[in-house]
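Below is one structure, written out as structure tokens, with a few remarks after it.
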Amino acid sequence: MRQFFKYVLATFTGLVLFSLLGVVLLVGFIVAAASSDKEVTVARNSVLELTLDKPIGEREFNNPFSGFTGGQSSSIGLDELKAAIRRAKKDDDIKGIFLNLELVQGGMASLEEVRQELVDFKKGGKFIVSYTDAQSEKSYYLASVADKLYLNPQGTLEFNGLSSETMYYKNLFDKLGVQAQIFRVGSFKSAVEPYFRTSMSDSARLQTASFLNSLNGSMLSEVAAARKITPARLKVISDSMLVHNADDAKRLGLVTDLGYYDQATDYMKGKLGVEKDDKLSLIDLSDYKKSADEDEGSTSGSRIAVVYAEGDIVTGKGGNESIGSTRFAESIRKARLDKNVKAVVLRINSPGGSSLASDIIYREVMLTKKVKPVIASMSDVAASGGYFIAMGCDTIVAHPTTITGSIGVFGVLPNIEPFLRAKIGVTTDRVTTGKFSDFPTITRALTPFEQQQFQEEINRIYADFTSKAAQGRKMPVERLRRLASGRVWSGTEAKARGLVDVLGSMDDALRIAARRANLKEGDYRIQKLPRQKSFAENLFSSFSEEAKLRMVKDEMGPMYPMYQQYKKLSEMKGAQMRMPFEVQVQ
């Protein structure tokens with residue numbers, strides 16, 4: 001009995017200590033978070049420093065661990081970044097911007113929005129200085145707006161055009177004994193090619209070359225205007241890879257100066273009238289966002305709701321990095337039923353996903369469109385399911401560098417029976433009440449009849465997709481289908497073919513929404529949807545998600561990227577409206 005009470009007491013003491021430790025950690029998180037939100041004062045004669053060394057997304061999500069990492073978030077919100085540059089333009093204490101860029105992680109359309117803000121910043125009579133040790137194509141695209149471009153004398157500047165690489169998994173699946181059973185509509189719908197091919201099809205190569213050249217042309221024309229070099233000359237420099245070192249970059253006029261970090265800062269000191277021996281007052285983006293903003297904006301009760309749709313489109317609630325049909329349909333519904341919301345802007349950055357989830361969101365767009373203006377603003381990608389949720393809007397606005405279209409449908413059903421039998425010695429057997437009771441299944445190959453049924457369903461969904469797209473674009477369905485077949489277009493190409501209405505930015509979409517709702521500038525506020533998770537929600541979800549991800553990464557090691565692909569394949573439930581492949585433009 002004494003031993004029993006000893007164990008009980010030890011267990012109780014352990015639970016108490018564990019609970020106390022949990023409380024202490026929670027209080028620590030809260031205190032750290034509070035301290036990270038402490039207001040920062042901007043010194044007079046300051047320069048805003050932008051490093052942009054994290055992925056750029058549409059919105060910045062609250063990081064519950066930021067108090068332990070110097071207040072740094074794991075990503076940069078495009079909205080918050082643009083707002084900071086815009087505020088710096090009017091801030092008398094900010095005299096210029098210092099672009100300290102190397103590897104910039106963002107899509108071309110997002111970078112175009114940032115670049116436009118930088119161009120507008122200069123119109124306020126303030127300077128922009130850029131410095132880099134080694135510059136990528138994307139970071140140079142941003143830096144090209146600068147008045148002074150410093151490149152380390154021993155540094156490099158990448159200026160040789162854009163490329164897109166696709167990984168193919170057929171050989172891996174063959175080795176594992178996994179058969180990908182493919183169903184699709186559209187000769188350009190090549191999202192499934194990595195699972196049954198070892199290289200690009202001719203149609204995939206054609207469309208990739210087309211939109212890459214369109215994106216590259218847009219980028220070169222903007223750089224040409226900034227650096228006062230003709231686009232034709234820049235194309236020669238790029239295609240011939242004439243830039244091999246810093247001297248080449250200076251000789252060809254891509255940078256203004258070869259110099260080191262201290263020389264760039266000394267130049268800014270001279271612009272500010274600061275002695276070289278004195279310290280330059282630099283304030284980084286994270287600190288500047290914590291400084292007081294005297295511009296509180298409109299106090300009007302009228303609002304324009306901006307619904308941010310970023311990530312894969314999935315059924316259910318989804319998460320921070322996905323577009324859950326339930327959560328986003330609810331957000332659009334909320335905007336529709338709110339009498340203070342006079343218009344809706346649907347900001348889309350998505351390669352697509354579930355056809356069912358896309359249709360659920362599309363339905364809410366169509367209902368809202370009946371009572372107030374709904375404008376689509378396409379970001380880096382708004383393709384397939386991403387295009388589906390946009391096509392019902394009154395007006396579609398895209399960047400020249402947006403990747404869109406991909407109007408097509410596919411389905412993938414893996415058959416893992418050979419893997420189970422040959423690799424790990426597992427077999428399956430079944431009892432059914434009907435001939436097709438186990439359809440669909442991943443533990444046997446589909447029969448020809450089942451394959452026919454699956455393909456017919458894909459065909460039906462494609463017919464529905466193209467019919468609704470034709471209705472939204474006000475064009476004959478036969479013409480729409482000639483533009484469909486899963487083909488991807490740049491924003492410029494899509495505009496020329498009537499798939500989008502206007503080439504422009506998020507701000508252009510807001511102006512169109514305000515005009516349609518008869519709202520003047522300053523007469524409305526922006527309401528951002530969906531609601532972001534609270535600190536506590538982010539804290540506890542981060543614990544569980546991070547722990548799971550860490551364990552999987554440790555267990556899989558170098559095979560983790562393959563696991564990600566298999567997991568994505570296994571999560572493709574039902575018919576899919578996705579990009580023809582994962583595009584990584586670099």
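Just remember, in the structure tokens the first chain shown is A, the second B, etc., residues are 1-based per chain, and ligands are 1-based in the order shown.
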
As a short mmCIF file (atom, residue, chain, number, x, y, z; two decimals) with C-alpha atoms, in the first residue's frame, please: the residues near Arg303 (chain A) (cut-off 12 Å, only C-alpha atoms, same-chain neighbours under 2 positions excluded).
data_model
loop_
_atom_site.label_atom_id
_atom_site.label_comp_id
_atom_site.auth_asym_id
_atom_site.auth_seq_id
_atom_site.Cartn_x
_atom_site.Cartn_y
_atom_site.Cartn_z
CA GLY A 297 -7.43 55.96 -42.98
CA SER A 298 -11.10 56.52 -43.66
CA THR A 299 -13.64 56.44 -40.85
CA SER A 300 -16.45 55.72 -43.31
CA GLY A 301 -18.83 52.87 -42.55
CA ALA A 305 -14.17 43.37 -48.63
CA VAL A 306 -10.96 41.76 -49.88
CA ALA A 335 -19.38 39.97 -47.34
CA ARG A 336 -22.59 39.51 -49.35
CA ASP A 338 -23.02 42.68 -44.73
CA LYS A 339 -24.83 45.89 -45.77
CA ASN A 340 -21.72 47.96 -45.04
CA VAL A 341 -19.75 46.00 -47.64
CA LYS A 342 -20.42 47.70 -50.97
CA ALA A 343 -18.13 45.60 -53.17
CA VAL A 344 -15.91 42.52 -53.01
CA VAL A 345 -12.41 41.95 -54.39
CA LYS A 372 -22.88 43.89 -55.34
CA LEU A 510 -9.80 48.10 -55.77
CA ALA A 513 -14.58 47.89 -57.31
CA ALA A 514 -14.96 51.37 -55.77
CA ALA A 517 -19.98 50.68 -56.10
CA ASN A 518 -20.07 54.47 -56.60
CA LEU A 519 -17.51 55.02 -53.85
CA LYS A 520 -15.01 57.86 -53.99
CA GLU A 521 -11.42 57.58 -52.78
CA GLY A 522 -11.33 57.98 -49.02
CA ASP A 523 -15.02 57.09 -48.67
CA TYR A 524 -14.43 53.45 -47.76
CA ARG A 525 -12.32 51.12 -45.66
CA ILE A 526 -10.83 47.74 -46.54
CA GLN A 527 -12.15 44.69 -44.71
CA LYS A 528 -9.82 41.68 -44.99
#

Expected answer as an MDAnalysis selection string: alpha helix (DSSP H) residues in region 268-445 of chain A: chainID A and resid 268:272 285:288 325:337 355:369 385:388 417:418

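Minimum atom-to-atom distances from A:His244, A:Lys317, A:Arg44, A:Arg444 to Pro414 (chain A) were compared using only C-alpha atoms, and the lowest value belongs to A:Arg444.
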
Asn152 (chain A) environment, 12 Å, only C-alpha atoms, sequence neighbours closer than 2 positions dropped, as a PyMOL selection string: chain A and resi 100+102+130-135+149-150+154-157+245-247+249-250+255-264

Grab the residues selected above and save them as a tab-separated table (two decimals), in the first residue's frame with N, CA, C and O atoms.
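The new file part04.tsv reads:
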chain	number	residue	atom	x	y	z
A	100	ASN	N	18.70	45.96	-49.86
A	100	ASN	CA	19.83	45.09	-49.57
A	100	ASN	C	19.41	43.67	-49.95
A	100	ASN	O	19.06	42.85	-49.11
A	102	GLU	N	19.44	39.92	-52.15
A	102	GLU	CA	20.18	38.85	-52.81
A	102	GLU	C	19.17	37.88	-53.42
A	102	GLU	O	18.75	38.03	-54.55
A	130	SER	N	20.50	50.57	-53.98
A	130	SER	CA	20.56	49.12	-53.93
A	130	SER	C	22.01	48.66	-53.74
A	130	SER	O	22.93	49.26	-54.30
A	131	TYR	N	22.18	47.61	-52.94
A	131	TYR	CA	23.50	46.99	-52.79
A	131	TYR	C	23.32	45.48	-52.74
A	131	TYR	O	22.38	44.97	-52.13
A	132	THR	N	24.24	44.76	-53.37
A	132	THR	CA	24.21	43.31	-53.28
A	132	THR	C	25.60	42.73	-53.49
A	132	THR	O	26.43	43.32	-54.19
A	133	ASP	N	25.83	41.57	-52.87
A	133	ASP	CA	27.06	40.82	-53.11
A	133	ASP	C	26.88	39.90	-54.32
A	133	ASP	O	27.78	39.76	-55.14
A	134	ALA	N	25.72	39.26	-54.39
A	134	ALA	CA	25.40	38.37	-55.51
A	134	ALA	C	23.89	38.50	-55.76
A	134	ALA	O	23.10	38.30	-54.84
A	135	GLN	N	23.53	38.83	-56.98
A	135	GLN	CA	22.14	39.19	-57.25
A	135	GLN	C	21.49	38.20	-58.22
A	135	GLN	O	22.03	37.87	-59.27
A	149	LEU	N	22.84	51.68	-58.06
A	149	LEU	CA	22.92	50.23	-57.92
A	149	LEU	C	24.36	49.84	-57.66
A	149	LEU	O	25.20	49.91	-58.56
A	150	TYR	N	24.66	49.45	-56.41
A	150	TYR	CA	26.01	49.01	-56.05
A	150	TYR	C	26.08	47.49	-56.13
A	150	TYR	O	25.23	46.78	-55.60
A	154	GLN	N	33.62	41.91	-56.49
A	154	GLN	CA	33.85	40.48	-56.70
A	154	GLN	C	32.53	39.71	-56.80
A	154	GLN	O	32.53	38.47	-56.82
A	155	GLY	N	31.43	40.44	-56.86
A	155	GLY	CA	30.12	39.81	-56.85
A	155	GLY	C	29.65	39.38	-58.23
A	155	GLY	O	30.36	39.53	-59.24
A	156	THR	N	28.45	38.83	-58.28
A	156	THR	CA	27.87	38.35	-59.54
A	156	THR	C	26.45	38.88	-59.68
A	156	THR	O	25.77	39.18	-58.70
A	157	LEU	N	26.01	38.99	-60.92
A	157	LEU	CA	24.64	39.39	-61.23
A	157	LEU	C	24.09	38.41	-62.25
A	157	LEU	O	24.64	38.28	-63.35
A	245	ASN	N	30.60	38.71	-64.78
A	245	ASN	CA	31.15	39.20	-63.51
A	245	ASN	C	30.68	40.64	-63.28
A	245	ASN	O	29.95	41.21	-64.10
A	246	ALA	N	31.13	41.22	-62.18
A	246	ALA	CA	30.71	42.57	-61.82
A	246	ALA	C	31.16	43.60	-62.86
A	246	ALA	O	30.43	44.54	-63.16
A	247	ASP	N	32.36	43.43	-63.39
A	247	ASP	CA	32.85	44.37	-64.41
A	247	ASP	C	31.93	44.40	-65.63
A	247	ASP	O	31.66	45.47	-66.19
A	249	ALA	N	28.73	43.70	-65.66
A	249	ALA	CA	27.48	44.36	-65.27
A	249	ALA	C	27.61	45.87	-65.30
A	249	ALA	O	26.70	46.58	-65.75
A	250	LYS	N	28.75	46.37	-64.86
A	250	LYS	CA	29.00	47.82	-64.87
A	250	LYS	C	29.19	48.33	-66.31
A	250	LYS	O	28.61	49.35	-66.71
A	255	VAL	N	24.39	48.04	-63.67
A	255	VAL	CA	24.58	48.65	-62.36
A	255	VAL	C	25.31	49.98	-62.55
A	255	VAL	O	25.97	50.20	-63.58
A	256	THR	N	25.19	50.85	-61.57
A	256	THR	CA	25.83	52.17	-61.69
A	256	THR	C	27.21	52.19	-61.06
A	256	THR	O	28.08	52.95	-61.49
A	257	ASP	N	27.43	51.35	-60.02
A	257	ASP	CA	28.70	51.41	-59.28
A	257	ASP	C	29.13	50.03	-58.84
A	257	ASP	O	28.29	49.18	-58.48
A	258	LEU	N	30.45	49.81	-58.84
A	258	LEU	CA	31.03	48.65	-58.19
A	258	LEU	C	31.60	49.12	-56.86
A	258	LEU	O	32.43	50.03	-56.82
A	259	GLY	N	31.11	48.55	-55.79
A	259	GLY	CA	31.55	49.02	-54.48
A	259	GLY	C	31.10	48.07	-53.39
A	259	GLY	O	30.34	47.11	-53.63
A	260	TYR	N	31.56	48.34	-52.19
A	260	TYR	CA	31.24	47.49	-51.05
A	260	TYR	C	30.11	48.11	-50.22
A	260	TYR	O	29.67	49.24	-50.47
A	261	TYR	N	29.66	47.35	-49.25
A	261	TYR	CA	28.54	47.78	-48.40
A	261	TYR	C	28.80	49.15	-47.78
A	261	TYR	O	27.92	50.02	-47.78
A	262	ASP	N	30.02	49.34	-47.27
A	262	ASP	CA	30.32	50.61	-46.60
A	262	ASP	C	30.29	51.78	-47.58
A	262	ASP	O	29.94	52.91	-47.21
A	263	GLN	N	30.61	51.51	-48.84
A	263	GLN	CA	30.57	52.58	-49.83
A	263	GLN	C	29.12	52.96	-50.17
A	263	GLN	O	28.82	54.14	-50.41
A	264	ALA	N	28.25	51.96	-50.19
A	264	ALA	CA	26.83	52.24	-50.42
A	264	ALA	C	26.25	53.05	-49.27
A	264	ALA	O	25.50	54.02	-49.48

Using only C-alpha atoms, which residues sit within 12 Å of Gly318 (chain A) once same-chain residues fewer than 3 positions away are excluded, as a CSV table (one decimal) with C-alpha atoms, in the first residue's frame?
chain,number,residue,atom,x,y,z
A,309,ALA,CA,-7.6,33.1,-51.6
A,310,GLU,CA,-4.0,31.7,-51.5
A,311,GLY,CA,-2.8,28.1,-51.9
A,312,ASP,CA,-4.4,24.8,-53.1
A,313,ILE,CA,-8.2,24.7,-53.2
A,314,VAL,CA,-9.4,21.9,-50.9
A,315,THR,CA,-12.7,20.8,-49.5
A,321,GLU,CA,-1.7,27.8,-46.8
A,322,SER,CA,-4.8,26.5,-48.5
A,323,ILE,CA,-8.2,27.6,-49.7
A,324,GLY,CA,-10.8,25.6,-47.8
A,325,SER,CA,-14.2,25.7,-49.6
A,326,THR,CA,-16.2,25.9,-46.3
A,327,ARG,CA,-14.1,28.8,-44.9
A,328,PHE,CA,-13.9,30.8,-48.1
A,329,ALA,CA,-17.6,30.3,-49.1
A,353,GLY,CA,-7.2,22.0,-56.7
A,354,SER,CA,-10.5,20.2,-56.0
A,357,ALA,CA,-14.3,22.9,-53.7
A,530,PRO,CA,-11.1,35.4,-44.0

Need the shell around region 186-195 of chain A: protein/DNA/RNA residues with any atom at most 9 Å away, counting only C-alpha atoms. Skip same-chain ones fewer than 3 positions apart. Format as a PDB file with N, CA, C and O atoms, in the first residue's frame?
ATOM      1  N   THR A 166      10.739  20.931 -64.232  1.00  0.00           N
ATOM      2  CA  THR A 166       9.726  20.016 -63.705  1.00  0.00           C
ATOM      3  C   THR A 166      10.378  18.688 -63.348  1.00  0.00           C
ATOM      4  O   THR A 166      11.196  18.168 -64.113  1.00  0.00           O
ATOM      5  N   MET A 167      10.012  18.124 -62.194  1.00  0.00           N
ATOM      6  CA  MET A 167      10.519  16.812 -61.781  1.00  0.00           C
ATOM      7  C   MET A 167       9.498  15.746 -62.185  1.00  0.00           C
ATOM      8  O   MET A 167       8.293  15.942 -62.067  1.00  0.00           O
ATOM      9  N   TYR A 168      10.022  14.603 -62.655  1.00  0.00           N
ATOM     10  CA  TYR A 168       9.170  13.503 -63.107  1.00  0.00           C
ATOM     11  C   TYR A 168       9.424  12.262 -62.240  1.00  0.00           C
ATOM     12  O   TYR A 168      10.574  11.949 -61.916  1.00  0.00           O
ATOM     13  N   TYR A 169       8.343  11.564 -61.890  1.00  0.00           N
ATOM     14  CA  TYR A 169       8.416  10.504 -60.879  1.00  0.00           C
ATOM     15  C   TYR A 169       8.096   9.115 -61.411  1.00  0.00           C
ATOM     16  O   TYR A 169       7.965   8.171 -60.639  1.00  0.00           O
ATOM     17  N   LYS A 170       7.986   8.973 -62.738  1.00  0.00           N
ATOM     18  CA  LYS A 170       7.607   7.675 -63.287  1.00  0.00           C
ATOM     19  C   LYS A 170       8.596   6.587 -62.883  1.00  0.00           C
ATOM     20  O   LYS A 170       8.195   5.491 -62.459  1.00  0.00           O
ATOM     21  N   ASN A 171       9.885   6.855 -63.030  1.00  0.00           N
ATOM     22  CA  ASN A 171      10.878   5.841 -62.682  1.00  0.00           C
ATOM     23  C   ASN A 171      10.813   5.475 -61.205  1.00  0.00           C
ATOM     24  O   ASN A 171      10.969   4.303 -60.844  1.00  0.00           O
ATOM     25  N   PHE A 173       8.107   5.676 -59.280  1.00  0.00           N
ATOM     26  CA  PHE A 173       6.892   4.883 -59.083  1.00  0.00           C
ATOM     27  C   PHE A 173       7.076   3.463 -59.611  1.00  0.00           C
ATOM     28  O   PHE A 173       6.577   2.504 -59.016  1.00  0.00           O
ATOM     29  N   GLN A 179       1.293   2.283 -59.466  1.00  0.00           N
ATOM     30  CA  GLN A 179       0.766   2.618 -60.795  1.00  0.00           C
ATOM     31  C   GLN A 179      -0.181   3.800 -60.672  1.00  0.00           C
ATOM     32  O   GLN A 179      -1.131   3.762 -59.893  1.00  0.00           O
ATOM     33  N   ALA A 180       0.095   4.863 -61.427  1.00  0.00           N
ATOM     34  CA  ALA A 180      -0.788   6.040 -61.433  1.00  0.00           C
ATOM     35  C   ALA A 180      -1.796   5.879 -62.567  1.00  0.00           C
ATOM     36  O   ALA A 180      -1.430   5.908 -63.746  1.00  0.00           O
ATOM     37  N   ILE A 182      -4.504   7.387 -64.779  1.00  0.00           N
ATOM     38  CA  ILE A 182      -4.689   8.778 -65.161  1.00  0.00           C
ATOM     39  C   ILE A 182      -5.969   8.973 -65.970  1.00  0.00           C
ATOM     40  O   ILE A 182      -6.282   8.193 -66.869  1.00  0.00           O
ATOM     41  N   PHE A 183      -6.694  10.042 -65.632  1.00  0.00           N
ATOM     42  CA  PHE A 183      -7.893  10.434 -66.372  1.00  0.00           C
ATOM     43  C   PHE A 183      -7.843  11.951 -66.532  1.00  0.00           C
ATOM     44  O   PHE A 183      -7.663  12.672 -65.557  1.00  0.00           O
ATOM     45  N   THR A 198       8.694  10.636 -68.311  1.00  0.00           N
ATOM     46  CA  THR A 198      10.012  10.974 -67.771  1.00  0.00           C
ATOM     47  C   THR A 198      10.500  12.317 -68.291  1.00  0.00           C
ATOM     48  O   THR A 198      11.583  12.767 -67.925  1.00  0.00           O
ATOM     49  N   SER A 199       9.711  12.962 -69.153  1.00  0.00           N
ATOM     50  CA  SER A 199      10.078  14.273 -69.691  1.00  0.00           C
ATOM     51  C   SER A 199       8.816  14.973 -70.180  1.00  0.00           C
ATOM     52  O   SER A 199       7.735  14.371 -70.231  1.00  0.00           O
ATOM     53  N   MET A 200       8.958  16.252 -70.561  1.00  0.00           N
ATOM     54  CA  MET A 200       7.813  17.040 -71.023  1.00  0.00           C
ATOM     55  C   MET A 200       7.261  16.516 -72.342  1.00  0.00           C
ATOM     56  O   MET A 200       8.012  16.100 -73.223  1.00  0.00           O
ATOM     57  N   SER A 201       5.945  16.588 -72.461  1.00  0.00           N
ATOM     58  CA  SER A 201       5.320  16.347 -73.755  1.00  0.00           C
ATOM     59  C   SER A 201       5.528  17.582 -74.632  1.00  0.00           C
ATOM     60  O   SER A 201       5.898  18.655 -74.138  1.00  0.00           O
ATOM     61  N   SER A 203       3.256  19.401 -76.052  1.00  0.00           N
ATOM     62  CA  SER A 203       2.290  20.446 -75.685  1.00  0.00           C
ATOM     63  C   SER A 203       2.712  21.163 -74.411  1.00  0.00           C
ATOM     64  O   SER A 203       2.586  22.389 -74.307  1.00  0.00           O
ATOM     65  N   ALA A 204       3.242  20.410 -73.439  1.00  0.00           N
ATOM     66  CA  ALA A 204       3.710  21.039 -72.197  1.00  0.00           C
ATOM     67  C   ALA A 204       4.878  21.971 -72.474  1.00  0.00           C
ATOM     68  O   ALA A 204       4.966  23.073 -71.926  1.00  0.00           O
ATOM     69  N   GLN A 207       3.567  25.298 -74.308  1.00  0.00           N
ATOM     70  CA  GLN A 207       2.911  26.313 -73.477  1.00  0.00           C
ATOM     71  C   GLN A 207       3.874  26.915 -72.463  1.00  0.00           C
ATOM     72  O   GLN A 207       3.798  28.108 -72.160  1.00  0.00           O
ATOM     73  N   SER A 406      -5.359  27.369 -67.848  1.00  0.00           N
ATOM     74  CA  SER A 406      -5.337  25.958 -67.454  1.00  0.00           C
ATOM     75  C   SER A 406      -6.752  25.434 -67.223  1.00  0.00           C
ATOM     76  O   SER A 406      -7.028  24.770 -66.224  1.00  0.00           O
ATOM     77  N   ILE A 407      -7.651  25.757 -68.152  1.00  0.00           N
ATOM     78  CA  ILE A 407      -9.043  25.332 -68.031  1.00  0.00           C
ATOM     79  C   ILE A 407      -9.126  23.875 -68.473  1.00  0.00           C
ATOM     80  O   ILE A 407      -9.193  23.554 -69.661  1.00  0.00           O
ATOM     81  N   GLY A 408      -9.067  22.990 -67.524  1.00  0.00           N
ATOM     82  CA  GLY A 408      -9.081  21.560 -67.788  1.00  0.00           C
ATOM     83  C   GLY A 408      -9.279  20.796 -66.493  1.00  0.00           C
ATOM     84  O   GLY A 408      -9.261  21.369 -65.409  1.00  0.00           O
ATOM     85  N   VAL A 409      -9.474  19.496 -66.601  1.00  0.00           N
ATOM     86  CA  VAL A 409      -9.779  18.653 -65.439  1.00  0.00           C
ATOM     87  C   VAL A 409      -8.983  17.359 -65.549  1.00  0.00           C
ATOM     88  O   VAL A 409      -8.760  16.847 -66.649  1.00  0.00           O
ATOM     89  N   PHE A 410      -8.556  16.828 -64.407  1.00  0.00           N
ATOM     90  CA  PHE A 410      -7.918  15.518 -64.405  1.00  0.00           C
ATOM     91  C   PHE A 410      -8.228  14.785 -63.109  1.00  0.00           C
ATOM     92  O   PHE A 410      -8.682  15.374 -62.121  1.00  0.00           O
ATOM     93  N   GLY A 411      -7.981  13.500 -63.116  1.00  0.00           N
ATOM     94  CA  GLY A 411      -8.100  12.677 -61.922  1.00  0.00           C
ATOM     95  C   GLY A 411      -6.970  11.673 -61.901  1.00  0.00           C
ATOM     96  O   GLY A 411      -6.543  11.183 -62.951  1.00  0.00           O
ATOM     97  N   VAL A 412      -6.461  11.379 -60.720  1.00  0.00           N
ATOM     98  CA  VAL A 412      -5.391  10.392 -60.559  1.00  0.00           C
ATOM     99  C   VAL A 412      -5.802   9.415 -59.463  1.00  0.00           C
ATOM    100  O   VAL A 412      -6.196   9.832 -58.368  1.00  0.00           O
ATOM    101  N   TYR A 462     -15.484  18.687 -67.060  1.00  0.00           N
ATOM    102  CA  TYR A 462     -14.851  19.590 -68.030  1.00  0.00           C
ATOM    103  C   TYR A 462     -15.908  20.360 -68.818  1.00  0.00           C
ATOM    104  O   TYR A 462     -15.762  21.564 -69.066  1.00  0.00           O
ATOM    105  N   ALA A 484      -9.095  26.563 -74.071  1.00  0.00           N
ATOM    106  CA  ALA A 484      -9.004  25.742 -72.861  1.00  0.00           C
ATOM    107  C   ALA A 484      -8.009  24.591 -73.076  1.00  0.00           C
ATOM    108  O   ALA A 484      -6.819  24.835 -73.284  1.00  0.00           O
ATOM    109  N   SER A 485      -8.511  23.352 -73.034  1.00  0.00           N
ATOM    110  CA  SER A 485      -7.658  22.159 -73.186  1.00  0.00           C
ATOM    111  C   SER A 485      -6.538  22.121 -72.149  1.00  0.00           C
ATOM    112  O   SER A 485      -5.514  21.478 -72.351  1.00  0.00           O
ATOM    113  N   GLY A 486      -6.741  22.849 -71.046  1.00  0.00           N
ATOM    114  CA  GLY A 486      -5.732  22.848 -69.991  1.00  0.00           C
ATOM    115  C   GLY A 486      -4.549  23.756 -70.244  1.00  0.00           C
ATOM    116  O   GLY A 486      -3.587  23.749 -69.482  1.00  0.00           O
ATOM    117  N   ARG A 487      -4.603  24.577 -71.312  1.00  0.00           N
ATOM    118  CA  ARG A 487      -3.432  25.395 -71.646  1.00  0.00           C
ATOM    119  C   ARG A 487      -3.263  26.560 -70.677  1.00  0.00           C
ATOM    120  O   ARG A 487      -4.222  27.205 -70.275  1.00  0.00           O
ATOM    121  N   VAL A 488      -2.014  26.831 -70.334  1.00  0.00           N
ATOM    122  CA  VAL A 488      -1.655  27.925 -69.435  1.00  0.00           C
ATOM    123  C   VAL A 488      -1.245  29.141 -70.262  1.00  0.00           C
ATOM    124  O   VAL A 488      -0.564  29.016 -71.278  1.00  0.00           O
ATOM    125  N   ARG A 578      -6.178  21.654 -61.604  1.00  0.00           N
ATOM    126  CA  ARG A 578      -4.876  22.147 -61.160  1.00  0.00           C
ATOM    127  C   ARG A 578      -4.038  22.591 -62.338  1.00  0.00           C
ATOM    128  O   ARG A 578      -4.308  22.259 -63.482  1.00  0.00           O
ATOM    129  N   MET A 579      -2.969  23.317 -62.005  1.00  0.00           N
ATOM    130  CA  MET A 579      -1.981  23.720 -63.006  1.00  0.00           C
ATOM    131  C   MET A 579      -1.461  22.489 -63.738  1.00  0.00           C
ATOM    132  O   MET A 579      -1.440  21.399 -63.180  1.00  0.00           O
ATOM    133  N   PRO A 580      -1.000  22.666 -64.986  1.00  0.00           N
ATOM    134  CA  PRO A 580      -0.467  21.515 -65.707  1.00  0.00           C
ATOM    135  C   PRO A 580       0.784  20.939 -65.068  1.00  0.00           C
ATOM    136  O   PRO A 580       1.144  19.822 -65.322  1.00  0.00           O
ATOM    137  N   PHE A 581       1.460  21.707 -64.246  1.00  0.00           N
ATOM    138  CA  PHE A 581       2.620  21.241 -63.491  1.00  0.00           C
ATOM    139  C   PHE A 581       2.948  22.329 -62.490  1.00  0.00           C
ATOM    140  O   PHE A 581       2.379  23.411 -62.529  1.00  0.00           O
ATOM    141  N   GLU A 582       3.834  22.025 -61.563  1.00  0.00           N
ATOM    142  CA  GLU A 582       4.239  23.029 -60.581  1.00  0.00           C
ATOM    143  C   GLU A 582       5.288  23.933 -61.223  1.00  0.00           C
ATOM    144  O   GLU A 582       6.357  23.476 -61.595  1.00  0.00           O
TER     145      GLU A 582
END

So which residues touch region 56-59 of chain A within 7 Å, counting only C-alpha atoms, skipping near sequence neighbours fewer than 4 positions away, as a short mmCIF file (atom, residue, chain, number, x, y, z; two decimals) with N, CA, C and O atoms, in the first residue's frame?
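The result, written out as result-v2.cif:
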data_model
loop_
_atom_site.label_atom_id
_atom_site.label_comp_id
_atom_site.auth_asym_id
_atom_site.auth_seq_id
_atom_site.Cartn_x
_atom_site.Cartn_y
_atom_site.Cartn_z
N SER A 75 7.45 34.66 -43.08
CA SER A 75 7.17 35.11 -44.44
C SER A 75 6.92 36.62 -44.43
O SER A 75 6.80 37.23 -43.37
N ILE A 76 6.83 37.19 -45.62
CA ILE A 76 6.56 38.62 -45.76
C ILE A 76 5.22 38.78 -46.45
O ILE A 76 5.00 38.21 -47.53
N GLY A 77 4.30 39.51 -45.83
CA GLY A 77 3.01 39.74 -46.43
C GLY A 77 3.10 40.84 -47.48
O GLY A 77 3.61 41.93 -47.20
N LEU A 78 2.64 40.55 -48.69
CA LEU A 78 2.68 41.54 -49.77
C LEU A 78 1.89 42.78 -49.38
O LEU A 78 2.33 43.92 -49.62
N ASP A 79 0.74 42.59 -48.77
CA ASP A 79 -0.09 43.71 -48.33
C ASP A 79 0.67 44.61 -47.37
O ASP A 79 0.68 45.84 -47.50
N GLN A 105 12.39 35.69 -52.78
CA GLN A 105 11.49 34.56 -52.94
C GLN A 105 10.06 35.07 -53.13
O GLN A 105 9.36 35.35 -52.17
N GLY A 106 9.66 35.17 -54.37
CA GLY A 106 8.31 35.64 -54.66
C GLY A 106 7.98 35.41 -56.11
O GLY A 106 8.87 35.29 -56.96
#

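Residue nearest Glu330 (chain A) within the list A:Leu118, A:Val365, A:Ile348, A:Gly504: A:Val365 [criterion: smallest interatomic distance, only C-alpha atoms].
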
In region 303-482 of chain A, DSSP strand (DSSP E) residues written as a count of residues only: 51

Distance table requested - region 113-199 of chain A against region 49-55 of chain A, cut-off 10 Å, only C-alpha atoms: one row per qualifying residue with the closest atom pair and its distance in Å to one decimal, ordered by chain and rising residue number, as CSV.
residue,atom,partner,partner_atom,distance
A:Ile128,CA,A:Glu49,CA,9.9
A:Val129,CA,A:Glu49,CA,9.6
A:Ser130,CA,A:Leu50,CA,9.6
A:Ser139,CA,A:Leu52,CA,9.1

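For the pair CA of Val40 (chain A) and CA of Lys290 (chain A), the interatomic distance is 5.5 Å.
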
Pick from A:Lys89, A:Lys123, A:Arg347, A:Arg233, whichever lies nearest to Asp507 (chain A) using only C-alpha atoms: A:Arg347
